[in-house]
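> Handing over final_28.txt, compact mmCIF, C-alpha atoms.
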# COMPACT_ATOMS: atom_id res chain seq x y z
CA MET A 28 120.18 -51.01 277.94
CA ALA A 29 120.39 -47.61 279.58
CA ASP A 30 119.74 -44.70 277.21
CA ALA A 31 121.81 -42.00 278.89
CA LEU A 32 123.39 -40.91 282.15
CA GLU A 33 124.43 -37.50 283.38
CA ILE A 34 127.62 -37.49 285.43
CA GLU A 35 129.27 -34.54 287.12
CA VAL A 36 132.96 -34.25 286.26
CA ALA A 37 135.14 -31.39 287.51
CA GLY A 38 131.99 -29.53 288.49
CA ARG A 39 130.41 -29.83 285.03
CA PRO A 40 127.56 -32.07 283.86
CA VAL A 41 128.69 -34.54 281.18
CA ARG A 42 126.10 -36.62 279.34
CA LEU A 43 126.99 -40.27 278.69
CA THR A 44 124.80 -41.84 276.01
CA SER A 45 124.53 -45.58 275.24
CA PRO A 46 126.68 -46.52 278.24
CA ASP A 47 126.19 -50.25 277.67
CA LYS A 48 127.48 -50.23 274.10
CA VAL A 49 130.35 -52.72 273.84
CA TYR A 50 133.59 -50.99 272.83
CA PHE A 51 136.09 -53.83 273.30
CA PRO A 52 134.30 -57.04 272.22
CA GLU A 53 137.13 -59.42 273.16
CA ARG A 54 137.11 -58.18 276.76
CA GLY A 55 133.46 -57.15 277.01
CA PHE A 56 134.36 -53.58 278.01
CA THR A 57 131.63 -51.02 277.40
CA LYS A 58 131.50 -47.33 276.64
CA ARG A 59 130.81 -46.74 280.32
CA ASP A 60 133.92 -48.76 281.23
CA VAL A 61 136.00 -46.48 279.00
CA PHE A 62 134.37 -43.36 280.46
CA GLU A 63 134.96 -44.54 284.04
CA TYR A 64 138.53 -45.55 283.24
CA TYR A 65 139.37 -41.99 282.23
CA LEU A 66 137.80 -40.66 285.42
CA ALA A 67 139.84 -43.14 287.48
CA VAL A 68 143.16 -42.03 285.90
CA GLY A 69 142.13 -38.39 285.95
CA ASP A 70 145.10 -36.78 287.69
CA GLY A 71 147.59 -38.71 285.58
CA ILE A 72 145.96 -38.09 282.23
CA MET A 73 145.55 -34.40 283.00
CA ARG A 74 149.29 -34.18 283.62
CA ALA A 75 149.66 -35.55 280.09
CA LEU A 76 146.86 -33.59 278.40
CA GLY A 77 146.40 -30.41 280.41
CA ASN A 78 146.24 -27.34 278.13
CA ARG A 79 147.62 -29.29 275.17
CA PRO A 80 145.99 -29.24 271.70
CA THR A 81 144.81 -32.83 271.31
CA THR A 82 143.82 -34.96 268.35
CA LEU A 83 141.08 -37.46 269.18
CA GLN A 84 141.12 -41.00 267.76
CA ARG A 85 137.43 -41.86 267.78
CA PHE A 86 135.58 -45.19 267.50
CA PRO A 87 131.87 -44.30 267.83
CA GLU A 88 130.87 -47.96 267.49
CA GLY A 89 133.82 -49.36 269.40
CA ILE A 90 136.92 -51.24 268.29
CA GLY A 91 136.34 -52.90 264.93
CA GLY A 92 133.90 -50.21 263.80
CA GLU A 93 134.54 -46.97 261.98
CA MET A 94 137.63 -45.07 263.14
CA PHE A 95 138.71 -41.52 262.40
CA PHE A 96 141.06 -38.85 263.75
CA GLN A 97 139.35 -35.65 264.77
CA LYS A 98 141.58 -32.60 264.63
CA ARG A 99 138.87 -29.96 264.64
CA VAL A 100 136.28 -29.48 267.36
CA PRO A 101 132.82 -29.16 265.79
CA THR A 102 131.32 -25.69 265.73
CA ARG A 103 127.87 -26.99 266.78
CA GLY A 104 126.56 -29.25 269.53
CA VAL A 105 129.56 -28.67 271.79
CA PRO A 106 129.21 -27.61 275.45
CA PRO A 107 129.99 -23.88 275.87
CA TRP A 108 132.78 -24.65 278.34
CA ILE A 109 134.86 -26.71 275.90
CA GLU A 110 138.22 -25.01 275.30
CA THR A 111 140.25 -25.20 272.11
CA ALA A 112 143.67 -24.10 270.85
CA ARG A 113 144.50 -23.08 267.29
CA ILE A 114 147.39 -24.98 265.78
CA ALA A 115 149.07 -24.85 262.36
CA PHE A 116 149.90 -27.92 260.28
CA PRO A 117 153.03 -28.23 258.11
CA SER A 118 150.83 -27.36 255.10
CA GLY A 119 149.98 -24.01 256.68
CA ARG A 120 146.35 -24.94 257.29
CA LYS A 121 145.03 -24.36 260.80
CA ALA A 122 142.58 -26.05 263.14
CA ASP A 123 140.98 -25.45 266.51
CA GLU A 124 141.72 -28.63 268.48
CA LEU A 125 140.36 -29.75 271.82
CA CYS A 126 142.55 -28.33 274.58
CA PRO A 127 141.63 -30.02 277.89
CA ALA A 128 141.45 -27.50 280.73
CA ASP A 129 140.01 -30.04 283.18
CA LEU A 130 138.87 -33.65 283.37
CA ALA A 131 135.41 -32.78 282.05
CA HIS A 132 137.02 -32.22 278.64
CA VAL A 133 138.44 -35.76 278.72
CA ALA A 134 135.08 -37.17 279.80
CA TRP A 135 133.32 -35.30 276.99
CA ALA A 136 135.79 -36.74 274.47
CA ALA A 137 135.18 -40.26 275.87
CA GLN A 138 131.44 -39.69 275.46
CA MET A 139 132.16 -38.87 271.80
CA GLY A 140 133.79 -42.29 271.32
CA THR A 141 137.41 -41.27 271.84
CA ILE A 142 139.59 -44.24 272.73
CA VAL A 143 143.06 -42.74 272.13
CA PHE A 144 144.27 -39.23 273.01
CA HIS A 145 147.09 -37.76 270.89
CA PRO A 146 148.29 -34.46 272.41
CA TRP A 147 150.78 -32.12 270.81
CA PRO A 148 154.07 -31.55 272.71
CA VAL A 149 153.05 -27.92 273.30
CA ARG A 150 150.78 -25.94 275.61
CA SER A 151 148.11 -23.50 274.47
CA ALA A 152 150.18 -20.52 275.66
CA ALA A 153 152.94 -21.30 273.13
CA VAL A 154 151.66 -23.58 270.38
CA ASP A 155 154.80 -23.22 268.24
CA ASN A 156 157.26 -24.04 271.03
CA PRO A 157 157.45 -27.63 272.32
CA ASP A 158 157.74 -28.05 276.07
CA GLU A 159 158.81 -31.69 275.95
CA LEU A 160 161.05 -33.99 273.95
CA ARG A 161 159.46 -37.31 273.01
CA ILE A 162 161.82 -40.19 272.34
CA ASP A 163 159.95 -43.07 270.70
CA LEU A 164 161.77 -46.42 270.85
CA ASP A 165 160.10 -48.60 268.25
CA PRO A 166 161.09 -52.32 268.06
CA GLN A 167 161.57 -53.57 264.51
CA PRO A 168 160.91 -57.15 263.35
CA GLY A 169 163.14 -59.49 265.30
CA THR A 170 163.15 -57.27 268.39
CA ASP A 171 160.59 -56.72 271.14
CA PHE A 172 159.72 -54.72 274.24
CA ALA A 173 162.63 -56.18 276.19
CA ASP A 174 165.06 -54.82 273.57
CA ALA A 175 163.39 -51.40 273.71
CA ALA A 176 163.78 -51.47 277.50
CA VAL A 177 167.53 -52.12 277.14
CA VAL A 178 167.85 -49.18 274.73
CA ALA A 179 165.84 -47.04 277.16
CA GLY A 180 168.36 -47.90 279.86
CA GLU A 181 171.19 -46.61 277.66
CA LEU A 182 169.13 -43.49 276.97
CA ARG A 183 168.73 -42.93 280.69
CA ALA A 184 172.50 -43.00 281.14
CA ILE A 185 172.89 -40.27 278.49
CA LEU A 186 170.14 -38.17 280.09
CA ASP A 187 171.82 -38.55 283.47
CA GLU A 188 175.06 -37.23 281.98
CA LEU A 189 173.15 -34.22 280.65
CA GLY A 190 171.47 -33.68 284.01
CA PHE A 191 168.03 -34.34 282.50
CA ALA A 192 165.23 -36.37 284.08
CA GLY A 193 163.61 -38.81 281.66
CA TRP A 194 160.13 -40.24 282.20
CA PRO A 195 159.51 -43.70 280.64
CA LYS A 196 156.19 -45.29 279.74
CA THR A 197 154.92 -48.18 277.70
CA SER A 198 153.54 -47.28 274.32
CA GLY A 199 150.62 -49.61 274.94
CA GLY A 200 152.19 -52.00 272.45
CA ARG A 201 155.77 -53.24 272.04
CA GLY A 202 157.52 -49.90 272.28
CA VAL A 203 158.81 -47.55 274.96
CA HIS A 204 158.35 -43.78 275.11
CA VAL A 205 160.60 -41.50 277.15
CA TYR A 206 159.64 -37.86 277.77
CA VAL A 207 161.86 -34.97 278.84
CA ARG A 208 160.25 -31.69 279.82
CA ILE A 209 162.01 -28.69 278.23
CA ARG A 210 161.65 -24.93 278.37
CA PRO A 211 159.19 -23.74 275.70
CA GLN A 212 161.63 -21.44 273.93
CA TRP A 213 162.67 -23.47 270.87
CA THR A 214 160.93 -24.24 267.59
CA PHE A 215 159.76 -27.64 266.38
CA VAL A 216 162.73 -27.74 264.01
CA GLU A 217 165.15 -27.16 266.89
CA ALA A 218 163.43 -29.68 269.17
CA ARG A 219 163.56 -32.28 266.39
CA ARG A 220 167.26 -31.56 265.84
CA ALA A 221 167.83 -32.08 269.57
CA VAL A 222 166.13 -35.49 269.44
CA ILE A 223 168.14 -36.47 266.36
CA ALA A 224 171.36 -35.57 268.18
CA LEU A 225 170.27 -37.57 271.21
CA ALA A 226 169.27 -40.51 269.00
CA ARG A 227 172.62 -40.50 267.20
CA GLU A 228 174.51 -40.55 270.47
CA LEU A 229 172.37 -43.48 271.59
CA GLU A 230 173.02 -45.27 268.31
CA ARG A 231 176.78 -44.75 268.69
CA ARG A 232 176.70 -46.38 272.11
CA ARG A 233 174.54 -49.36 271.10
CA PRO A 234 174.90 -49.80 267.31
CA ASP A 235 174.07 -53.48 267.77
CA LEU A 236 170.61 -52.70 269.13
CA ALA A 237 169.61 -49.11 268.22
CA THR A 238 169.25 -47.37 264.87
CA THR A 239 168.30 -43.95 263.53
CA SER A 240 167.86 -45.25 259.96
CA TRP A 241 164.70 -43.71 258.54
CA TRP A 242 164.53 -46.30 255.76
CA LYS A 243 163.22 -49.68 256.91
CA GLU A 244 165.55 -51.56 254.58
CA GLU A 245 168.51 -50.29 256.65
CA ARG A 246 167.19 -50.86 260.17
CA GLY A 247 167.78 -54.58 260.54
CA GLU A 248 166.80 -56.28 263.79
CA ARG A 249 167.25 -53.20 265.91
CA VAL A 250 165.13 -50.69 267.83
CA PHE A 251 164.32 -47.65 265.71
CA ILE A 252 164.58 -44.27 267.47
CA ASP A 253 161.76 -42.45 265.70
CA PHE A 254 163.06 -38.87 265.67
CA ASN A 255 160.20 -37.72 263.44
CA GLN A 256 157.78 -38.00 266.35
CA MET A 257 159.16 -34.54 267.21
CA ALA A 258 158.14 -33.09 263.84
CA ARG A 259 155.22 -30.66 263.84
CA ASP A 260 151.82 -32.38 263.87
CA ARG A 261 153.23 -35.82 264.76
CA THR A 262 151.70 -37.08 267.96
CA ILE A 263 151.76 -40.25 270.05
CA ALA A 264 149.31 -41.68 272.55
CA CYS A 265 149.72 -39.89 275.85
CA ALA A 266 150.35 -41.35 279.29
CA TYR A 267 147.27 -43.26 280.49
CA SER A 268 145.62 -43.22 277.07
CA LEU A 269 143.95 -46.48 276.12
CA ARG A 270 145.10 -48.07 272.87
CA ALA A 271 142.90 -49.34 270.08
CA ASN A 272 143.68 -53.03 270.37
CA PRO A 273 141.54 -56.00 271.45
CA ARG A 274 143.13 -56.17 274.93
CA ALA A 275 142.36 -52.51 275.75
CA THR A 276 145.93 -51.89 276.87
CA ALA A 277 147.01 -48.47 278.12
CA SER A 278 150.16 -46.43 277.61
CA THR A 279 151.42 -46.63 281.17
CA PRO A 280 154.01 -44.58 283.09
CA LEU A 281 156.72 -46.66 284.73
CA THR A 282 159.64 -46.19 287.08
CA TRP A 283 163.08 -46.81 285.63
CA ALA A 284 163.57 -49.62 288.12
CA GLU A 285 160.58 -51.63 286.92
CA LEU A 286 161.00 -50.99 283.18
CA PRO A 287 163.23 -54.05 282.46
CA ASP A 288 160.86 -56.52 284.10
CA VAL A 289 157.32 -55.53 283.07
CA ASP A 290 155.06 -57.00 280.40
CA PRO A 291 153.22 -54.15 278.61
CA ASN A 292 150.18 -56.39 278.12
CA ASP A 293 149.64 -56.37 281.87
CA PHE A 294 148.58 -52.71 281.79
CA ASP A 295 145.01 -52.33 280.61
CA LEU A 296 141.65 -50.72 281.28
CA ARG A 297 141.12 -52.82 284.43
CA THR A 298 144.61 -53.01 285.91
CA VAL A 299 145.90 -49.44 285.47
CA PRO A 300 143.37 -47.78 287.82
CA GLU A 301 144.22 -50.44 290.42
CA ARG A 302 147.92 -49.74 289.89
CA ILE A 303 147.45 -46.01 290.49
CA ALA A 304 145.36 -46.64 293.60
CA THR A 305 148.09 -48.88 295.00
CA LEU A 306 151.34 -47.29 293.77
CA GLY A 307 150.43 -43.77 292.70
CA ASP A 308 151.58 -42.16 289.46
CA PRO A 309 155.27 -42.67 288.58
CA HIS A 310 155.07 -39.44 286.55
CA ALA A 311 153.69 -37.34 289.41
CA ALA A 312 156.78 -35.08 289.39
CA ILE A 313 157.14 -34.78 285.61
CA ASN A 314 156.34 -31.06 285.62
CA ASP A 315 158.76 -30.16 288.42
CA GLU A 316 161.65 -29.16 286.15
CA ALA A 317 162.11 -28.14 282.52
CA TYR A 318 165.50 -28.31 280.84
CA ASP A 319 167.69 -26.25 278.54
CA ILE A 320 168.36 -28.19 275.31
CA THR A 321 171.37 -26.09 274.30
CA PRO A 322 173.77 -29.02 274.93
CA LEU A 323 171.81 -31.19 272.49
CA LEU A 324 171.78 -28.42 269.87
CA GLU A 325 175.56 -28.19 270.29
CA TRP A 326 175.74 -31.94 269.66
CA ALA A 327 173.67 -31.38 266.51
CA GLU A 328 176.13 -28.73 265.30
CA ARG A 329 179.04 -31.08 266.03
CA ASP A 330 177.37 -33.88 264.08
CA ALA A 331 176.63 -31.56 261.15
CA ALA A 332 180.30 -30.55 261.05
CA ASN A 333 181.16 -34.26 260.85
CA GLY A 334 178.85 -34.80 257.90
CA GLN A 335 175.76 -35.88 259.83
CA GLY A 336 173.22 -33.20 259.01
CA ASP A 337 169.44 -33.33 258.96
CA MET A 338 167.40 -36.49 258.44
CA PRO A 339 164.40 -37.06 256.12
CA TYR A 340 160.99 -35.80 257.17
CA PRO A 341 157.83 -37.89 256.71
CA PRO A 342 156.66 -38.02 253.07
CA GLU A 343 153.62 -35.76 253.55
CA TYR A 344 155.77 -32.84 254.75
CA PRO A 345 156.90 -29.99 252.51
CA LYS A 346 160.58 -30.09 251.62
CA MET A 347 162.48 -28.67 254.59
CA GLU A 348 165.63 -26.57 254.50
CA GLY A 349 168.76 -28.71 254.79
CA GLU A 350 166.83 -31.97 254.46
CA PRO A 351 168.47 -34.79 252.45
CA MET A 352 166.75 -36.46 249.53
CA ARG A 353 163.68 -38.51 250.40
CA VAL A 354 164.58 -41.57 248.41
CA GLN A 355 165.27 -45.10 249.56
CA PRO A 356 168.99 -45.87 249.54
CA SER A 357 168.45 -48.92 247.29
CA ARG A 358 166.72 -46.73 244.70
CA ALA A 359 169.32 -43.98 245.01
CA ARG A 360 172.04 -46.55 244.27
CA ARG A 361 170.21 -48.02 241.28
CA PRO A 362 172.16 -47.24 238.09
CA ALA A 363 170.42 -45.23 235.43
CA GLU A 364 168.94 -47.26 232.60
CA GLU A 365 170.83 -47.31 229.32
CA PRO A 366 169.07 -45.31 226.57
CA SER A 367 167.35 -47.48 224.00
Output the file's structure in the form of structure tokens.


Amino acid sequence: MADALEIEVAGRPVRLTSPDKVYFPERGFTKRDVFEYYLAVGDGIMRALGNRPTTLQRFPEGIGGEMFFQKRVPTRGVPPWIETARIAFPSGRKADELCPADLAHVAWAAQMGTIVFHPWPVRSAAVDNPDELRIDLDPQPGTDFADAAVVAGELRAILDELGFAGWPKTSGGRGVHVYVRIRPQWTFVEARRAVIALARELERRRPDLATTSWWKEERGERVFIDFNQMARDRTIACAYSLRANPRATASTPLTWAELPDVDPNDFDLRTVPERIATLGDPHAAINDEAYDITPLLEWAERDAANGQGDMPYPPEYPKMEGEPMRVQPSRARRPAEEPS
């Protein structure tokens, strides 16, 4: 077994230790395979990660071993060229996260056992102002990827009416993610409100298949539009990130035309680099235009006037202004016990 290699990436030397360590036992993929995968998808993953504060999901011993999320770059033992960005969590605490300025940063993270990259929807120049909307279409029990693809098609129609370009990708599992680049001039609260308004419009058009219900007991066999992925400090695996499953699938950008017919399990550590080499990156133009979300904020105001205000935040968040009670509907409806 080789002890270590030194590989030049983006003009910088990156040390790769234990390259033959098996990271995906079911497929036999090694640490070196993961490292080389990220080099092979370099242009695409930098479009997704470039200058974004990024949480690292690390598996130093590979899938099946210890896993942890690293939100703070260590203060020691880090190459001097590693760049970070300071971000603030909902609690008010802050952290200096990895902020990839070039592909060497991604390679360094892979050397540290990173399998999954979770970037914030912001750039380092404006860490409190999202520059993209992330619409997460999450199939619930009884539904699957094909259902999420149908909902994504309805979402595309709404985006077309708004004059927005949407960029779909597989989640790496059963879901579909759609990104919309926006101007970085709104807060996280406003961007989340915009996604809620978009999700509600989507639900109105396909109530049989799409739901915004935060509480699982109300979702039924429908695709959940997870609006809280736009809340501060909520992140999802970026385009071209590997996923921590036995197949080593990757969250893969798609064209709208191919979305209804693909199998997400076909996109993995081996096939995605071949796909890029043959077809290019479907998200190559994602940064060409950023949109004004004022129309969506107007929809949010309209909905609020009709009695549809804010939605619950995740349980670990502080209570937010205008937020409804965080209690399951079945518990809220439970009659009070008679005094003894």

> Please provide as a list in words all residues within 6 Å of segment 266-282 of chain A, with the sequence filter that same-chain residues fewer than 4 positions apart are discarded (counting all atoms listed in the file).

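So, after excluding close chain neighbours, the residues are Glu53, Ile72, Ala75, Ile142, Val143, Phe144, Pro195, Lys196, Thr197, Ser198, Gly199, Phe294, Asp295, Leu296 and Pro309 of chain A.
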
> Which is closest to Leu160 of chain A among A:Glu217, A:Glu301, A:Asp187, A:Glu348, if we use all atoms listed in the file?

A:Glu217

> Might you pull out every residue within 10 Å of Pro46 of chain A, with only C-alpha atoms counted and same-chain residues fewer than 4 positions away left off, and present them as a PDB file with C-alpha atoms, keeping the file's coordinate frame?


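Just written: out21.pdb:
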ATOM      1  CA  MET A  28     120.180 -51.010 277.940  1.00  0.00           C
ATOM      2  CA  ALA A  29     120.390 -47.610 279.580  1.00  0.00           C
ATOM      3  CA  ASP A  30     119.740 -44.700 277.210  1.00  0.00           C
ATOM      4  CA  ALA A  31     121.810 -42.000 278.890  1.00  0.00           C
ATOM      5  CA  LEU A  32     123.390 -40.910 282.150  1.00  0.00           C
ATOM      6  CA  ARG A  42     126.100 -36.620 279.340  1.00  0.00           C
ATOM      7  CA  TYR A  50     133.590 -50.990 272.830  1.00  0.00           C
ATOM      8  CA  THR A  57     131.630 -51.020 277.400  1.00  0.00           C
ATOM      9  CA  LYS A  58     131.500 -47.330 276.640  1.00  0.00           C
ATOM     10  CA  ARG A  59     130.810 -46.740 280.320  1.00  0.00           C
ATOM     11  CA  ASP A  60     133.920 -48.760 281.230  1.00  0.00           C
ATOM     12  CA  VAL A  61     136.000 -46.480 279.000  1.00  0.00           C
ATOM     13  CA  PHE A  62     134.370 -43.360 280.460  1.00  0.00           C
ATOM     14  CA  GLN A 138     131.440 -39.690 275.460  1.00  0.00           C
TER      15      GLN A 138
END

> A:Ala258, A:Ala176, A:Val205, A:Val36: which is nearest Asp288 of chain A, counting all atoms listed in the file?

A:Ala176

> Can you list every residue of segment 154-250 of chain A that has an atom at most 12 Å from segment 77-82 of chain A, with its nearest atom pair and the distance in Å to one decimal, using all atoms listed in the file, ordered by chain then number, as a tab-separated table?


residue	atom	partner	partner_atom	distance
A:Val154	CA	A:Pro80	CA	8.1
A:Asp155	CA	A:Pro80	CA	11.2
A:Asn156	CA	A:Arg79	CA	11.7
A:Pro157	CA	A:Arg79	CA	10.4
A:Asp158	CA	A:Arg79	CA	10.2
A:Glu159	CA	A:Arg79	CA	11.5

> May I have the residues from that selection written out with C-alpha atoms, as an mmCIF file, in the coordinates of the input?


data_model
loop_
_atom_site.group_PDB
_atom_site.id
_atom_site.type_symbol
_atom_site.label_atom_id
_atom_site.label_comp_id
_atom_site.auth_asym_id
_atom_site.auth_seq_id
_atom_site.Cartn_x
_atom_site.Cartn_y
_atom_site.Cartn_z
ATOM 1 C CA VAL A 154 151.660 -23.580 270.380
ATOM 2 C CA ASP A 155 154.800 -23.220 268.240
ATOM 3 C CA ASN A 156 157.260 -24.040 271.030
ATOM 4 C CA PRO A 157 157.450 -27.630 272.320
ATOM 5 C CA ASP A 158 157.740 -28.050 276.070
ATOM 6 C CA GLU A 159 158.810 -31.690 275.950
#

> Can you list, as an NGL selection string, every protein, DNA or RNA residue that comes within 9 Å of Leu236 of chain A when you count only C-alpha atoms, leaving out same-chain residues fewer than 3 positions away?

:A and (170 or 174-175 or 177-178 or 230 or 233 or 248-251)

> Measuring atom to atom with only C-alpha atoms, identify which of A:Arg161, A:Thr141, A:Leu229, A:Asp293 is nearest to Gly200 of chain A.

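When distances to Gly200 of chain A are compared using only C-alpha atoms, the smallest one comes from A:Asp293.
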
> Please list as a list in words every residue within 7 Å of segment 317-334 of chain A, counting all atoms listed in the file and excluding residues in the same chain fewer than 3 positions away.

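Once the nearby chain positions are removed, what remains is Phe191, Arg208, Ile209, Arg210, Arg220, Ala221, Ala224 and Leu225 of chain A.
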